[in-house]
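Peer 1: The structure is given below, and queries will be raised subsequently.
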Amino acid sequence: MTTADTSVRVAWSADADAIATLQATAWRERYADLLPPELIAQIVPELFAAKWTASLERPGDARNRVLVALEHSTVRGFAVTGPSADDDADPVADGEVSELTVSREHRRAGHGSRLLQAAADTLRADRFTRATMWLDARDDALRQFVQSTGWAPDGAHREVDPVGDGSVRLKQVRLHTTLGGDDG
């Protein structure tokens with residue numbers, strides 16, 4: 001029996017195009033029923049690639065990390081971690097998983113579990129003691145998956161404006177987990 005060559009590692013700037021492609025595809029799928037078709041058509045990898053390259057080469061904070069899930073040497077998913085940007089967060093204690101994306105064709109293959117575990121380990125190594133994650137309130141499958149790993153709703157919710165003109169409101173819920181552990 002052969003096993004897949006799968007792993008998670010910190011992203012390199014050479015991964016920027018693959019991450020941008022995954023993000024564009026995921027966003028087109030995620031927002032297809034929310035955004036007008038003309039906006040969906042504008043969600044292309046080129047929209048994100050330069051920003052990914054810049055953030056991978058020069059992160060704004062030493063604790064900002066991008067992790068990639070690999071199958072052989074192909075990026076199948078990514079996660080972004082760093083200090084929480086929430087107004088009610090403790091900037092020293094509270095970290096955040098600001099993005100968790102796995103390509104639709106490669107879900108249910110363990111990539112999401114590996115990414116989420118690596119994200120928690122990374123946040124813990126950066127000395128955060130609590131982690132949060134905002135999820136689309138409509139995405140029951142992702143919320144159930146994250147909750148099955150020990151995360152729980154903390155009662156916070158918000159609406160974001162993905163278009164920027166008030167025409168679309170995206171409801172999100174926040175999940176959290178304690179990053180226990182004693183590194184010595």
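How things are named: the first chain in the structure tokens is A, the next is B, and so on; residues count from 1 in each chain; ligands count from 1 in the order shown.
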Neighbouring residues of Ala93 (chain A) were defined as those with any atom within 9 Å, considering only C-alpha atoms; residues of the same chain fewer than 5 positions away were excluded. Please report them as number ranges by chain.
Peer 2: A: 83-84, 127-131
Peer 1: Mind checking which residues fall within 12 Å of Leu135 (chain A), counting only C-alpha atoms, ignoring those fewer than 4 positions away in the same chain, and posting them as an MDAnalysis selection string?
Peer 2: chainID A and resid 30 96:101 139:147 151:153 156:160 170:176
Peer 1: Take the residues just selected and output them with N, CA, C and O atoms as a CSV table (one decimal), in the first residue's frame.
Peer 2:
chain,number,residue,atom,x,y,z
A,30,ARG,N,-16.8,30.4,-2.8
A,30,ARG,CA,-17.4,30.8,-1.5
A,30,ARG,C,-18.4,32.0,-1.7
A,30,ARG,O,-19.4,32.0,-1.0
A,96,GLU,N,-4.3,34.5,15.8
A,96,GLU,CA,-5.5,34.4,14.9
A,96,GLU,C,-5.1,33.5,13.7
A,96,GLU,O,-3.9,33.6,13.2
A,97,VAL,N,-6.0,32.6,13.3
A,97,VAL,CA,-5.9,32.0,12.0
A,97,VAL,C,-6.8,32.8,11.1
A,97,VAL,O,-8.0,32.7,11.2
A,98,SER,N,-6.2,33.6,10.3
A,98,SER,CA,-7.0,34.6,9.5
A,98,SER,C,-7.5,33.9,8.1
A,98,SER,O,-8.4,34.5,7.5
A,99,GLU,N,-6.9,32.8,7.8
A,99,GLU,CA,-7.3,32.1,6.6
A,99,GLU,C,-7.0,30.7,6.7
A,99,GLU,O,-5.9,30.3,7.2
A,100,LEU,N,-7.9,29.8,6.3
A,100,LEU,CA,-7.8,28.4,6.2
A,100,LEU,C,-8.5,27.9,5.0
A,100,LEU,O,-9.7,27.9,4.9
A,101,THR,N,-7.7,27.5,4.0
A,101,THR,CA,-8.3,27.2,2.7
A,101,THR,C,-7.6,25.9,2.1
A,101,THR,O,-6.4,25.8,2.2
A,139,ASP,N,-21.1,28.9,6.3
A,139,ASP,CA,-20.3,27.7,5.9
A,139,ASP,C,-20.3,26.7,7.1
A,139,ASP,O,-19.4,26.6,7.9
A,140,ASP,N,-21.4,26.0,7.1
A,140,ASP,CA,-21.6,25.0,8.2
A,140,ASP,C,-20.5,23.9,8.2
A,140,ASP,O,-20.1,23.4,9.2
A,141,ALA,N,-20.1,23.5,7.0
A,141,ALA,CA,-19.2,22.4,6.9
A,141,ALA,C,-17.8,22.8,7.5
A,141,ALA,O,-17.2,22.0,8.3
A,142,LEU,N,-17.3,24.0,7.2
A,142,LEU,CA,-16.1,24.4,7.7
A,142,LEU,C,-16.2,24.6,9.2
A,142,LEU,O,-15.3,24.2,10.0
A,143,ARG,N,-17.3,25.2,9.7
A,143,ARG,CA,-17.5,25.5,11.1
A,143,ARG,C,-17.5,24.1,11.9
A,143,ARG,O,-16.9,24.0,12.9
A,144,GLN,N,-18.2,23.2,11.3
A,144,GLN,CA,-18.3,21.8,12.0
A,144,GLN,C,-16.9,21.2,12.0
A,144,GLN,O,-16.5,20.6,13.0
A,145,PHE,N,-16.2,21.3,10.9
A,145,PHE,CA,-14.8,20.7,10.9
A,145,PHE,C,-14.0,21.4,12.0
A,145,PHE,O,-13.3,20.7,12.7
A,146,VAL,N,-13.9,22.7,12.0
A,146,VAL,CA,-13.0,23.4,13.0
A,146,VAL,C,-13.5,23.0,14.4
A,146,VAL,O,-12.7,22.8,15.3
A,147,GLN,N,-14.8,23.0,14.6
A,147,GLN,CA,-15.3,22.7,16.0
A,147,GLN,C,-14.9,21.3,16.4
A,147,GLN,O,-14.7,21.0,17.5
A,151,TRP,N,-12.2,23.7,18.6
A,151,TRP,CA,-12.5,25.1,18.6
A,151,TRP,C,-14.0,25.2,19.0
A,151,TRP,O,-14.8,24.3,18.7
A,152,ALA,N,-14.4,26.4,19.5
A,152,ALA,CA,-15.8,26.6,19.9
A,152,ALA,C,-16.1,28.1,19.7
A,152,ALA,O,-15.3,29.0,19.7
A,153,PRO,N,-17.4,28.3,19.4
A,153,PRO,CA,-17.9,29.7,19.2
A,153,PRO,C,-17.6,30.5,20.6
A,153,PRO,O,-17.8,29.9,21.6
A,156,ALA,N,-18.9,36.0,19.7
A,156,ALA,CA,-18.7,37.2,18.9
A,156,ALA,C,-19.2,36.9,17.5
A,156,ALA,O,-19.0,35.8,16.9
A,157,HIS,N,-19.7,38.0,16.9
A,157,HIS,CA,-20.1,37.9,15.5
A,157,HIS,C,-19.9,39.3,14.9
A,157,HIS,O,-19.8,40.3,15.6
A,158,ARG,N,-19.8,39.3,13.5
A,158,ARG,CA,-19.7,40.6,12.9
A,158,ARG,C,-20.2,40.5,11.4
A,158,ARG,O,-20.5,39.4,10.9
A,159,GLU,N,-20.3,41.7,10.8
A,159,GLU,CA,-20.7,41.7,9.4
A,159,GLU,C,-19.5,42.5,8.7
A,159,GLU,O,-19.1,43.5,9.2
A,160,VAL,N,-19.1,41.9,7.6
A,160,VAL,CA,-18.0,42.6,6.8
A,160,VAL,C,-18.6,42.9,5.5
A,160,VAL,O,-19.6,42.4,5.0
A,170,LEU,N,-21.5,40.3,4.7
A,170,LEU,CA,-21.1,38.9,5.0
A,170,LEU,C,-21.1,38.7,6.5
A,170,LEU,O,-20.3,39.4,7.2
A,171,LYS,N,-22.0,37.9,7.0
A,171,LYS,CA,-22.0,37.6,8.4
A,171,LYS,C,-21.0,36.6,8.8
A,171,LYS,O,-20.8,35.5,8.1
A,172,GLN,N,-20.2,36.8,9.8
A,172,GLN,CA,-19.2,35.9,10.3
A,172,GLN,C,-19.4,35.6,11.8
A,172,GLN,O,-19.9,36.5,12.5
A,173,VAL,N,-18.9,34.4,12.2
A,173,VAL,CA,-18.9,34.1,13.6
A,173,VAL,C,-17.4,33.8,14.0
A,173,VAL,O,-16.6,33.4,13.1
A,174,ARG,N,-17.1,34.0,15.2
A,174,ARG,CA,-15.7,33.8,15.7
A,174,ARG,C,-15.7,32.6,16.5
A,174,ARG,O,-16.5,32.4,17.5
A,175,LEU,N,-14.7,31.7,16.2
A,175,LEU,CA,-14.4,30.5,17.0
A,175,LEU,C,-13.1,30.8,17.8
A,175,LEU,O,-12.3,31.6,17.3
A,176,HIS,N,-12.9,30.1,18.9
A,176,HIS,CA,-11.6,30.3,19.6
A,176,HIS,C,-11.2,28.9,20.2
A,176,HIS,O,-12.0,28.0,20.3
Peer 1: Rounded to one decimal in Å, what is the spacing between CA of Leu22 (chain A) and CA of Pro36 (chain A)?
Peer 2: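 CA of Leu22 (chain A) sits 20.4 Å away from CA of Pro36 (chain A).
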Peer 1: Per DSSP on the backbone, filter region 100-147 of chain A down to the residues in strand (DSSP E) and report them as a list in words.
Peer 2: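 In region 100-147 of chain A, DSSP puts these residues in strand (DSSP E): Leu100, Thr101, Val102, Arg130, Ala131, Thr132, Met133, Trp134, Leu135 and Asp136 of chain A.
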Peer 1: Output N, CA and C atoms for every residue in that selection, as a tab-separated table (two decimals), in the first residue's frame.
Peer 2:
chain	number	residue	atom	x	y	z
A	100	LEU	N	-7.95	29.83	6.28
A	100	LEU	CA	-7.76	28.38	6.22
A	100	LEU	C	-8.47	27.91	4.96
A	101	THR	N	-7.69	27.54	3.97
A	101	THR	CA	-8.26	27.18	2.66
A	101	THR	C	-7.60	25.91	2.15
A	102	VAL	N	-8.44	25.00	1.71
A	102	VAL	CA	-7.97	23.78	1.03
A	102	VAL	C	-8.75	23.68	-0.27
A	130	ARG	N	-4.04	31.90	23.21
A	130	ARG	CA	-5.40	31.73	22.73
A	130	ARG	C	-5.40	32.04	21.24
A	131	ALA	N	-6.25	31.36	20.49
A	131	ALA	CA	-6.37	31.61	19.05
A	131	ALA	C	-7.82	31.81	18.69
A	132	THR	N	-8.04	32.68	17.71
A	132	THR	CA	-9.38	32.91	17.19
A	132	THR	C	-9.37	32.74	15.68
A	133	MET	N	-10.57	32.58	15.14
A	133	MET	CA	-10.74	32.43	13.70
A	133	MET	C	-12.15	32.89	13.35
A	134	TRP	N	-12.27	33.78	12.37
A	134	TRP	CA	-13.57	34.22	11.87
A	134	TRP	C	-13.96	33.36	10.69
A	135	LEU	N	-15.21	32.86	10.70
A	135	LEU	CA	-15.71	32.02	9.62
A	135	LEU	C	-17.01	32.58	9.08
A	136	ASP	N	-17.23	32.37	7.80
A	136	ASP	CA	-18.50	32.73	7.17
A	136	ASP	C	-19.61	31.98	7.91
Peer 1: Sorted by chain and rising residue number, which residues of region 34-84 of chain A lie within 12 Å of region 106-122 of chain A, and what are their closest atom pairs and distances in Å to one decimal, counting only C-alpha atoms, as a tab-separated table?
Peer 2:
residue	atom	partner	partner_atom	distance
A:Ala62	CA	A:Thr122	CA	11.9
A:Arg63	CA	A:Thr122	CA	8.9
A:Asn64	CA	A:Thr122	CA	9.8
A:Arg65	CA	A:Thr122	CA	8.1
A:Val66	CA	A:Ala119	CA	8.8
A:Leu67	CA	A:Leu115	CA	7.1
A:Val68	CA	A:Leu115	CA	7.3
A:Ala69	CA	A:His111	CA	5.9
A:Leu70	CA	A:His111	CA	7.8
A:Glu71	CA	A:His111	CA	8.6
A:Thr74	CA	A:His106	CA	11.2
A:Val75	CA	A:His111	CA	10.0
A:Arg76	CA	A:His106	CA	6.6
A:Gly77	CA	A:His111	CA	6.8
A:Phe78	CA	A:Leu115	CA	6.9
A:Ala79	CA	A:Leu115	CA	6.4
A:Val80	CA	A:Ala119	CA	7.6
A:Thr81	CA	A:Ala119	CA	6.4
A:Gly82	CA	A:Thr122	CA	9.0
A:Pro83	CA	A:Thr122	CA	11.4
Peer 1: Check the smallest atom-to-atom distance from each of A:Ala89, A:Ala26, A:Val168, A:Ile19 to Ala49 (chain A) using only C-alpha atoms, then report the winner.
Peer 2: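 The closest residue to Ala49 (chain A) is A:Ile19.
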Peer 1: So that I can see what lies close to Ala14 (chain A), please list as a list in words the residues with an atom at most 12 Å from it, counting only C-alpha atoms and leaving out residues fewer than 2 positions away in the same chain.
Peer 2: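 Near neighbours after the sequence-gap exclusion: Val10, Ala11, Trp12, Ala16, Asp17, Ala18, Ile19, Ala20, Ala49, Ala50, Trp52, Thr53, Ala54, Ser55, Leu56, Glu57, Val68, Ser73, Thr74 and Val75 of chain A.
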Peer 1: Which of these residues is nearest to Pro91 (chain A), using only C-alpha atoms: A:Pro162, A:Ala32, A:Asp61, A:His72?
Peer 2: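 For Pro91 (chain A), the nearest of the candidates is A:Asp61.
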Peer 1: Running DSSP on the backbone, which parts of chain A land in alpha helix (DSSP H), as a ChimeraX atom specification?
Peer 2: /A:16-31,37-40,45-57,111-125,140-148
Peer 1: Work out how far apart CA of Asp86 (chain A) and CA of Thr178 (chain A) are and give it in Å to one decimal.
Peer 2: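 Interatomic distance, CA of Asp86 (chain A) to CA of Thr178 (chain A): 16.3 Å.
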Peer 1: Write out as a list in words each polymer residue whose atoms come within 8 Å of Thr25 (chain A), counting only C-alpha atoms; drop sequence neighbours fewer than 2 positions from it.
Peer 2: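 Near Thr25 (chain A), the qualifying residues are Thr21, Leu22, Gln23, Trp27, Arg28, Glu29, Ile43, Val44 and Ser103 of chain A.
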Peer 1: Grab the residues selected above and save them as an mmCIF file, in the first residue's frame with N, CA, C and O atoms.
Peer 2:
data_model
loop_
_atom_site.group_PDB
_atom_site.id
_atom_site.type_symbol
_atom_site.label_atom_id
_atom_site.label_comp_id
_atom_site.auth_asym_id
_atom_site.auth_seq_id
_atom_site.Cartn_x
_atom_site.Cartn_y
_atom_site.Cartn_z
ATOM 1 N N THR A 21 -3.678 31.360 -6.665
ATOM 2 C CA THR A 21 -4.619 30.567 -7.455
ATOM 3 C C THR A 21 -5.637 29.878 -6.559
ATOM 4 O O THR A 21 -6.843 29.892 -6.841
ATOM 5 N N LEU A 22 -5.156 29.279 -5.471
ATOM 6 C CA LEU A 22 -6.076 28.642 -4.516
ATOM 7 C C LEU A 22 -7.044 29.657 -3.925
ATOM 8 O O LEU A 22 -8.246 29.386 -3.804
ATOM 9 N N GLN A 23 -6.539 30.826 -3.530
ATOM 10 C CA GLN A 23 -7.396 31.834 -2.927
ATOM 11 C C GLN A 23 -8.455 32.316 -3.920
ATOM 12 O O GLN A 23 -9.636 32.413 -3.574
ATOM 13 N N TRP A 27 -12.390 31.794 -3.271
ATOM 14 C CA TRP A 27 -13.265 32.958 -3.134
ATOM 15 C C TRP A 27 -14.369 32.957 -4.181
ATOM 16 O O TRP A 27 -15.505 33.315 -3.888
ATOM 17 N N ARG A 28 -14.056 32.542 -5.409
ATOM 18 C CA ARG A 28 -15.112 32.455 -6.438
ATOM 19 C C ARG A 28 -16.176 31.453 -6.010
ATOM 20 O O ARG A 28 -17.371 31.707 -6.169
ATOM 21 N N GLU A 29 -15.752 30.317 -5.451
ATOM 22 C CA GLU A 29 -16.712 29.319 -4.971
ATOM 23 C C GLU A 29 -17.487 29.842 -3.766
ATOM 24 O O GLU A 29 -18.710 29.734 -3.696
ATOM 25 N N ILE A 43 -12.262 38.098 -9.678
ATOM 26 C CA ILE A 43 -11.472 37.385 -8.668
ATOM 27 C C ILE A 43 -10.578 36.387 -9.385
ATOM 28 O O ILE A 43 -10.963 35.263 -9.676
ATOM 29 N N VAL A 44 -9.389 36.850 -9.717
ATOM 30 C CA VAL A 44 -8.423 36.058 -10.475
ATOM 31 C C VAL A 44 -7.112 36.013 -9.695
ATOM 32 O O VAL A 44 -6.849 36.881 -8.856
ATOM 33 N N SER A 103 -8.064 23.346 -1.354
ATOM 34 C CA SER A 103 -8.755 23.249 -2.643
ATOM 35 C C SER A 103 -9.892 22.230 -2.540
ATOM 36 O O SER A 103 -9.771 21.208 -1.878
#
Peer 1: Please report the interatomic distance between CA of Lys51 (chain A) and CA of Arg138 (chain A) in Å with one decimal.
Peer 2: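 The value is 27.2 Å.
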